[in-house]
Amino acid sequence: MSPGKIIALSGGVGGAKLVLGLSHVLPDDRLMVVTNTGDDFDHFGLRICPDTDTVIYTLADLADKTKGWGRADESWTFMKTTRSLGGEDWFNLGDGDLALHVMRTQALARGQSLSDVTASVSKAWNIGVQIVPMCDQAVATTVKTETGSLAFQHYFVRDQCQPVVTGFDFEGIDQATANPIALDALGQGPDAIILTPSNPYVSIDPILKTPGMRPAIEASDAPVIAVSPIVGGAAIKGPAAKMMSELGVPATVLEVAKHYSGLVDAMVIDEIDGHLASAIQDLGMEVSVVPTVMTGLEDKIALAKDVLALVRRLKSAGPS
Ligand code: FO1
């Protein structure tokens, strides 16, 4: 029997790094990435899909590796001109990036689905790995804060994650349906489902909460493995640790494990958090303690190999 797929659920930067590592050690047809679309929004009349685009740019080797989002070698004429005209300039759209948003917005207006557009872009840029948005309907993450509710990109970019978080809403999620392509792959006996080291609350949760997604994961025999985005009490990038503290939860890998408890069979945690392994095992999860900080490509490949070694270990131990 041919090996099943590895299905990775991903937000932006952290998830895309592990996905890149996985893409170097797996044949293209064994890897599927399901991306969070809760960060998507309309800006200047264009549909912007930051997490999906970060995965696209990363796999197409077009990503700005310093910023983590957007394209390398970008020019900024659009932003400079917008600024000179007194337009909105809090969200930075490079000229090359802008072309993607224009093409996508046009294709959506012609009636194509977000999945179709994502597949066309992937084909144009020779990405062999299948990238699948969590759903084709619009879902908008709202961050509830002590000073009121904010659209996700207003919280994240415009307000620099400063407001104190009290919770999250995923507007439109009840009317959404998990992407049938992802559901089909989940029903085809995947080898593993990986929750990449993206923000559990605003990147992975929207994917899991999309109607149909979590039941399909639960119905699968495949091991579900989460790679912690928290390392030594801090997030490698982004506001995950700050959010946890503000929600009254210690920013630790143990709390990430508790958050995923009931779904996840195993956690991959960093060596610096090794002392928390037994407390995570007490939750009924396997734990793999390995270096998880991905600076260069070698780190991404090494972590991907460690995750796949854990998959083999869990599968040889029997169905979860
Ligand atoms: N993040 C920023 O911090 N500042 C920006 O101006 C910004 C622009 C931007 C444009 C396109 C895109 O795809 C992503 C962009 N991001 C920017 C990143 C994005 O807001 C976040 O990384 C994700 O939504 C969180 O995963």
# chains A, B, ... in the order shown; residues from 1 in each chain; ligands from 1
>>> residues_around(residues="Asp116 in chain A", least_positions_apart="4", cutoff="12 Å", atoms="only C-alpha atoms", output="MDAnalysis selection string")
chainID A and resid 104 107:108 110:112 120:123 130:133 135:136 179 181
>>> residues_near_ligand(ligand="ligand 1", cutoff="7 Å", atoms="only C-alpha atoms and all ligand atoms", output="ChimeraX atom specification")
/A:11-13,39,48-51,53-54,69-70,90-93,97,153,156-157,203
>>> closest_residue(among="A:Ser23, A:Gly189, A:Asp29, A:Arg158", to="Asp89 in chain A", atoms="only C-alpha atoms")
A:Arg158
>>> select_by_dssp(residues="range 49-286 of chain A", states="alpha helix (DSSP H)", output="PyMOL selection string")
chain A and resi 50-59+77-84+95-109+114-124+152-153+180-187+205-209+213-219+240-246+253-260+277-281
>>> residues_around(residues="Met213 in chain A", least_positions_apart="4", cutoff="8 Å", atoms="only C-alpha atoms", output="PyMOL selection string")
chain A and resi 178+183+207-209+217
>>> residues_around(residues="Ala8 in chain A", least_positions_apart="4", cutoff="7 Å", atoms="only C-alpha atoms", output="list of chain:residue names")
A:Met32, A:Val33, A:Val34, A:Ile193, A:Ile194, A:Leu195, A:Thr196
>>> write_last_selection(atoms="all heavy atoms", output="compact mmCIF listing (two decimals), in the first residue's frame")
# COMPACT_ATOMS: atom_id res chain seq x y z
N MET A 32 0.06 17.88 2.05
CA MET A 32 -1.02 18.84 1.83
C MET A 32 -0.97 19.87 2.97
O MET A 32 -0.82 19.50 4.13
CB MET A 32 -2.39 18.15 1.82
CG MET A 32 -3.56 19.13 1.78
SD MET A 32 -5.17 18.34 1.81
CE MET A 32 -5.31 17.83 0.12
N VAL A 33 -1.13 21.14 2.62
CA VAL A 33 -1.14 22.19 3.64
C VAL A 33 -2.53 22.82 3.66
O VAL A 33 -3.01 23.31 2.63
CB VAL A 33 -0.11 23.29 3.33
CG1 VAL A 33 0.03 24.24 4.52
CG2 VAL A 33 1.23 22.70 2.96
N VAL A 34 -3.16 22.80 4.80
CA VAL A 34 -4.46 23.47 4.97
C VAL A 34 -4.18 24.79 5.69
O VAL A 34 -3.64 24.80 6.80
CB VAL A 34 -5.43 22.59 5.78
CG1 VAL A 34 -6.78 23.28 5.94
CG2 VAL A 34 -5.61 21.23 5.12
N ILE A 193 -1.56 14.01 10.83
CA ILE A 193 -2.06 15.38 10.75
C ILE A 193 -1.16 16.19 11.69
O ILE A 193 -1.00 15.84 12.87
CB ILE A 193 -3.54 15.43 11.19
CG1 ILE A 193 -4.38 14.58 10.21
CG2 ILE A 193 -4.05 16.87 11.23
CD1 ILE A 193 -5.49 13.82 10.82
N ILE A 194 -0.56 17.23 11.14
CA ILE A 194 0.40 18.02 11.91
C ILE A 194 -0.17 19.40 12.17
O ILE A 194 -0.52 20.12 11.22
CB ILE A 194 1.74 18.21 11.13
CG1 ILE A 194 2.22 16.90 10.49
CG2 ILE A 194 2.80 18.85 12.02
CD1 ILE A 194 2.76 15.89 11.41
N LEU A 195 -0.26 19.78 13.43
CA LEU A 195 -0.59 21.16 13.79
C LEU A 195 0.76 21.88 13.88
O LEU A 195 1.54 21.63 14.80
CB LEU A 195 -1.34 21.21 15.13
CG LEU A 195 -2.86 20.93 15.11
CD1 LEU A 195 -3.24 19.69 14.34
CD2 LEU A 195 -3.42 20.88 16.52
N THR A 196 1.04 22.70 12.88
CA THR A 196 2.36 23.34 12.79
C THR A 196 2.51 24.37 13.92
O THR A 196 1.53 24.75 14.57
CB THR A 196 2.51 24.03 11.42
OG1 THR A 196 1.52 25.05 11.34
CG2 THR A 196 2.36 23.04 10.28
>>> select_by_dssp(residues="range 14-224 of chain A", states="strand (DSSP E)", output="PyMOL selection string")
chain A and resi 31-35+41-43+46-48+130-133+140-145+148-151+165-171+192-195+224
>>> write_last_selection(atoms="N, CA and C atoms", output="short mmCIF file (atom, residue, chain, number, x, y, z; two decimals), in the first residue's frame")
data_model
loop_
_atom_site.label_atom_id
_atom_site.label_comp_id
_atom_site.auth_asym_id
_atom_site.auth_seq_id
_atom_site.Cartn_x
_atom_site.Cartn_y
_atom_site.Cartn_z
N LEU A 31 2.32 15.65 0.63
CA LEU A 31 2.14 16.76 1.57
C LEU A 31 0.98 17.65 1.14
N MET A 32 0.06 17.88 2.05
CA MET A 32 -1.02 18.84 1.83
C MET A 32 -0.97 19.87 2.97
N VAL A 33 -1.13 21.14 2.62
CA VAL A 33 -1.14 22.19 3.64
C VAL A 33 -2.53 22.82 3.66
N VAL A 34 -3.16 22.80 4.80
CA VAL A 34 -4.46 23.47 4.97
C VAL A 34 -4.18 24.79 5.69
N THR A 35 -4.52 25.90 5.02
CA THR A 35 -4.14 27.21 5.57
C THR A 35 -5.30 27.91 6.27
N PHE A 41 -8.73 39.45 4.58
CA PHE A 41 -9.59 40.63 4.64
C PHE A 41 -9.54 41.38 3.32
N ASP A 42 -10.47 42.34 3.20
CA ASP A 42 -10.50 43.18 2.00
C ASP A 42 -9.84 44.51 2.33
N HIS A 43 -8.95 44.94 1.45
CA HIS A 43 -8.21 46.19 1.67
C HIS A 43 -7.99 46.81 0.30
N LEU A 46 -9.28 44.84 -2.47
CA LEU A 46 -8.59 43.61 -2.87
C LEU A 46 -8.73 42.55 -1.77
N ARG A 47 -8.82 41.30 -2.19
CA ARG A 47 -8.87 40.21 -1.21
C ARG A 47 -7.44 39.81 -0.86
N ILE A 48 -7.11 39.94 0.42
CA ILE A 48 -5.76 39.65 0.90
C ILE A 48 -5.81 38.40 1.78
N GLN A 130 0.28 20.57 -2.41
CA GLN A 130 -1.09 21.09 -2.52
C GLN A 130 -1.40 22.02 -1.34
N ILE A 131 -1.76 23.26 -1.67
CA ILE A 131 -2.10 24.25 -0.64
C ILE A 131 -3.61 24.46 -0.70
N VAL A 132 -4.27 24.25 0.42
CA VAL A 132 -5.74 24.25 0.44
C VAL A 132 -6.23 25.21 1.53
N PRO A 133 -6.91 26.29 1.16
CA PRO A 133 -7.48 27.16 2.22
C PRO A 133 -8.50 26.37 3.05
N ALA A 140 -13.84 35.73 9.20
CA ALA A 140 -13.03 36.87 9.64
C ALA A 140 -12.77 36.77 11.15
N THR A 141 -11.51 36.60 11.49
CA THR A 141 -11.15 36.58 12.91
C THR A 141 -11.29 37.97 13.50
N THR A 142 -11.97 38.04 14.63
CA THR A 142 -12.10 39.29 15.37
C THR A 142 -11.42 39.08 16.72
N VAL A 143 -10.60 40.03 17.11
CA VAL A 143 -9.91 39.94 18.40
C VAL A 143 -10.68 40.80 19.38
N LYS A 144 -11.19 40.15 20.45
CA LYS A 144 -11.90 40.91 21.48
C LYS A 144 -10.84 41.45 22.45
N THR A 145 -10.90 42.74 22.71
CA THR A 145 -9.89 43.34 23.59
C THR A 145 -10.59 44.16 24.67
N GLY A 148 -12.48 46.95 23.16
CA GLY A 148 -13.44 46.68 22.09
C GLY A 148 -12.92 45.64 21.11
N SER A 149 -13.80 45.27 20.16
CA SER A 149 -13.43 44.23 19.18
C SER A 149 -12.69 44.85 18.01
N LEU A 150 -11.69 44.13 17.54
CA LEU A 150 -10.89 44.62 16.41
C LEU A 150 -10.82 43.55 15.32
N ALA A 151 -10.96 43.99 14.07
CA ALA A 151 -10.67 43.08 12.96
C ALA A 151 -9.21 42.64 13.10
N VAL A 165 -5.93 41.35 25.05
CA VAL A 165 -6.88 40.41 24.44
C VAL A 165 -7.77 39.76 25.51
N THR A 166 -9.08 39.66 25.20
CA THR A 166 -9.99 38.96 26.12
C THR A 166 -10.65 37.75 25.45
N GLY A 167 -10.52 37.62 24.13
CA GLY A 167 -11.11 36.46 23.45
C GLY A 167 -11.11 36.65 21.94
N PHE A 168 -11.72 35.72 21.24
CA PHE A 168 -11.71 35.75 19.77
C PHE A 168 -13.09 35.35 19.24
N ASP A 169 -13.43 35.91 18.09
CA ASP A 169 -14.61 35.47 17.34
C ASP A 169 -14.17 35.15 15.94
N PHE A 170 -14.82 34.19 15.33
CA PHE A 170 -14.52 33.87 13.94
C PHE A 170 -15.80 34.10 13.15
N GLU A 171 -15.96 35.34 12.69
CA GLU A 171 -17.23 35.70 12.05
C GLU A 171 -17.42 34.94 10.74
N ALA A 192 -0.49 11.22 8.82
CA ALA A 192 -0.46 12.05 10.04
C ALA A 192 -1.09 13.40 9.76
N ILE A 193 -1.56 14.01 10.83
CA ILE A 193 -2.06 15.38 10.75
C ILE A 193 -1.16 16.19 11.69
N ILE A 194 -0.56 17.23 11.14
CA ILE A 194 0.40 18.02 11.91
C ILE A 194 -0.17 19.40 12.17
N LEU A 195 -0.26 19.78 13.43
CA LEU A 195 -0.59 21.16 13.79
C LEU A 195 0.76 21.88 13.88
N VAL A 224 -2.32 12.63 15.41
CA VAL A 224 -2.36 14.09 15.32
C VAL A 224 -1.22 14.61 16.20
#
>>> closest_residue(among="A:Asp221, A:Asp61, A:Asp174, A:Asp299", to="Gly21 in chain A", atoms="only C-alpha atoms")
A:Asp299
>>> closest_residue(among="A:Glu298, A:Leu308, A:Ala119, A:Ser198", to="Asn36 in chain A", atoms="only C-alpha atoms")
A:Ser198
>>> closest_residue(among="A:Ser228, A:Ser84, A:Thr37, A:Thr147", to="Val289 in chain A", atoms="only C-alpha atoms")
A:Ser228
>>> decode(residues="range 164-178 of chain A", atoms="all heavy atoms", output="JSON list (two decimals), in the first residue's frame")
[["chain", "number", "residue", "atom", "x", "y", "z"],
["A", 164, "VAL", "N", -5.11, 44.68, 24.98],
["A", 164, "VAL", "CA", -5.13, 43.48, 25.83],
["A", 164, "VAL", "C", -6.29, 42.58, 25.37],
["A", 164, "VAL", "O", -7.45, 42.98, 25.33],
["A", 164, "VAL", "CB", -5.30, 43.89, 27.31],
["A", 164, "VAL", "CG1", -5.46, 42.66, 28.20],
["A", 164, "VAL", "CG2", -4.09, 44.72, 27.75],
["A", 165, "VAL", "N", -5.93, 41.35, 25.05],
["A", 165, "VAL", "CA", -6.88, 40.41, 24.44],
["A", 165, "VAL", "C", -7.77, 39.76, 25.51],
["A", 165, "VAL", "O", -7.28, 39.35, 26.57],
["A", 165, "VAL", "CB", -6.09, 39.33, 23.68],
["A", 165, "VAL", "CG1", -6.98, 38.18, 23.24],
["A", 165, "VAL", "CG2", -5.37, 39.95, 22.48],
["A", 166, "THR", "N", -9.08, 39.66, 25.20],
["A", 166, "THR", "CA", -9.99, 38.96, 26.12],
["A", 166, "THR", "C", -10.65, 37.75, 25.45],
["A", 166, "THR", "O", -11.27, 36.93, 26.11],
["A", 166, "THR", "CB", -11.09, 39.92, 26.64],
["A", 166, "THR", "OG1", -11.78, 40.46, 25.50],
["A", 166, "THR", "CG2", -10.50, 41.06, 27.47],
["A", 167, "GLY", "N", -10.52, 37.62, 24.13],
["A", 167, "GLY", "CA", -11.11, 36.46, 23.45],
["A", 167, "GLY", "C", -11.11, 36.65, 21.94],
["A", 167, "GLY", "O", -10.54, 37.63, 21.43],
["A", 168, "PHE", "N", -11.72, 35.72, 21.24],
["A", 168, "PHE", "CA", -11.71, 35.75, 19.77],
["A", 168, "PHE", "C", -13.09, 35.35, 19.24],
["A", 168, "PHE", "O", -13.78, 34.56, 19.86],
["A", 168, "PHE", "CB", -10.67, 34.77, 19.22],
["A", 168, "PHE", "CG", -9.32, 34.92, 19.85],
["A", 168, "PHE", "CD1", -8.94, 34.11, 20.92],
["A", 168, "PHE", "CD2", -8.45, 35.92, 19.43],
["A", 168, "PHE", "CE1", -7.73, 34.29, 21.55],
["A", 168, "PHE", "CE2", -7.23, 36.10, 20.05],
["A", 168, "PHE", "CZ", -6.87, 35.28, 21.11],
["A", 169, "ASP", "N", -13.43, 35.91, 18.09],
["A", 169, "ASP", "CA", -14.61, 35.47, 17.34],
["A", 169, "ASP", "C", -14.17, 35.15, 15.94],
["A", 169, "ASP", "O", -13.25, 35.80, 15.42],
["A", 169, "ASP", "CB", -15.65, 36.61, 17.25],
["A", 169, "ASP", "CG", -16.61, 36.59, 18.41],
["A", 169, "ASP", "OD1", -16.78, 35.51, 19.01],
["A", 169, "ASP", "OD2", -17.18, 37.66, 18.72],
["A", 170, "PHE", "N", -14.82, 34.19, 15.33],
["A", 170, "PHE", "CA", -14.52, 33.87, 13.94],
["A", 170, "PHE", "C", -15.80, 34.10, 13.15],
["A", 170, "PHE", "O", -16.63, 33.19, 13.01],
["A", 170, "PHE", "CB", -13.99, 32.43, 13.83],
["A", 170, "PHE", "CG", -12.81, 32.18, 14.73],
["A", 170, "PHE", "CD1", -12.92, 31.38, 15.86],
["A", 170, "PHE", "CD2", -11.59, 32.81, 14.49],
["A", 170, "PHE", "CE1", -11.86, 31.18, 16.71],
["A", 170, "PHE", "CE2", -10.51, 32.63, 15.35],
["A", 170, "PHE", "CZ", -10.64, 31.81, 16.46],
["A", 171, "GLU", "N", -15.96, 35.34, 12.69],
["A", 171, "GLU", "CA", -17.23, 35.70, 12.05],
["A", 171, "GLU", "C", -17.42, 34.94, 10.74],
["A", 171, "GLU", "O", -16.49, 34.86, 9.94],
["A", 171, "GLU", "CB", -17.27, 37.21, 11.79],
["A", 171, "GLU", "CG", -17.56, 37.97, 13.07],
["A", 171, "GLU", "CD", -17.38, 39.47, 12.92],
["A", 171, "GLU", "OE1", -17.46, 39.96, 11.79],
["A", 171, "GLU", "OE2", -17.14, 40.12, 13.95],
["A", 172, "GLY", "N", -18.61, 34.40, 10.58],
["A", 172, "GLY", "CA", -18.92, 33.67, 9.34],
["A", 172, "GLY", "C", -18.61, 32.20, 9.41],
["A", 172, "GLY", "O", -18.94, 31.44, 8.50],
["A", 173, "ILE", "N", -17.98, 31.77, 10.51],
["A", 173, "ILE", "CA", -17.51, 30.37, 10.54],
["A", 173, "ILE", "C", -18.68, 29.38, 10.56],
["A", 173, "ILE", "O", -18.59, 28.29, 10.00],
["A", 173, "ILE", "CB", -16.52, 30.13, 11.71],
["A", 173, "ILE", "CG1", -15.62, 28.93, 11.35],
["A", 173, "ILE", "CG2", -17.21, 29.96, 13.05],
["A", 173, "ILE", "CD1", -14.29, 28.93, 12.01],
["A", 174, "ASP", "N", -19.80, 29.77, 11.18],
["A", 174, "ASP", "CA", -20.93, 28.84, 11.24],
["A", 174, "ASP", "C", -21.53, 28.58, 9.86],
["A", 174, "ASP", "O", -22.16, 27.54, 9.64],
["A", 174, "ASP", "CB", -22.02, 29.38, 12.19],
["A", 174, "ASP", "CG", -21.53, 29.41, 13.62],
["A", 174, "ASP", "OD1", -20.56, 28.68, 13.92],
["A", 174, "ASP", "OD2", -22.09, 30.18, 14.43],
["A", 175, "GLN", "N", -21.35, 29.54, 8.95],
["A", 175, "GLN", "CA", -21.89, 29.37, 7.60],
["A", 175, "GLN", "C", -20.84, 28.74, 6.67],
["A", 175, "GLN", "O", -21.13, 28.46, 5.51],
["A", 175, "GLN", "CB", -22.31, 30.71, 6.99],
["A", 175, "GLN", "CG", -23.54, 31.35, 7.63],
["A", 175, "GLN", "CD", -23.24, 31.99, 8.98],
["A", 175, "GLN", "OE1", -22.29, 32.74, 9.12],
["A", 175, "GLN", "NE2", -24.04, 31.65, 9.99],
["A", 176, "ALA", "N", -19.64, 28.52, 7.18],
["A", 176, "ALA", "CA", -18.57, 27.97, 6.33],
["A", 176, "ALA", "C", -18.60, 26.44, 6.37],
["A", 176, "ALA", "O", -19.19, 25.83, 7.25],
["A", 176, "ALA", "CB", -17.22, 28.49, 6.81],
["A", 177, "THR", "N", -17.95, 25.85, 5.41],
["A", 177, "THR", "CA", -17.80, 24.39, 5.35],
["A", 177, "THR", "C", -16.34, 24.08, 5.11],
["A", 177, "THR", "O", -15.73, 24.67, 4.22],
["A", 177, "THR", "CB", -18.59, 23.81, 4.15],
["A", 177, "THR", "OG1", -19.87, 24.41, 4.12],
["A", 177, "THR", "CG2", -18.71, 22.31, 4.24],
["A", 178, "ALA", "N", -15.83, 23.14, 5.89],
["A", 178, "ALA", "CA", -14.42, 22.76, 5.70],
["A", 178, "ALA", "C", -14.19, 22.41, 4.23],
["A", 178, "ALA", "O", -15.04, 21.80, 3.59],
["A", 178, "ALA", "CB", -14.09, 21.58, 6.59]]
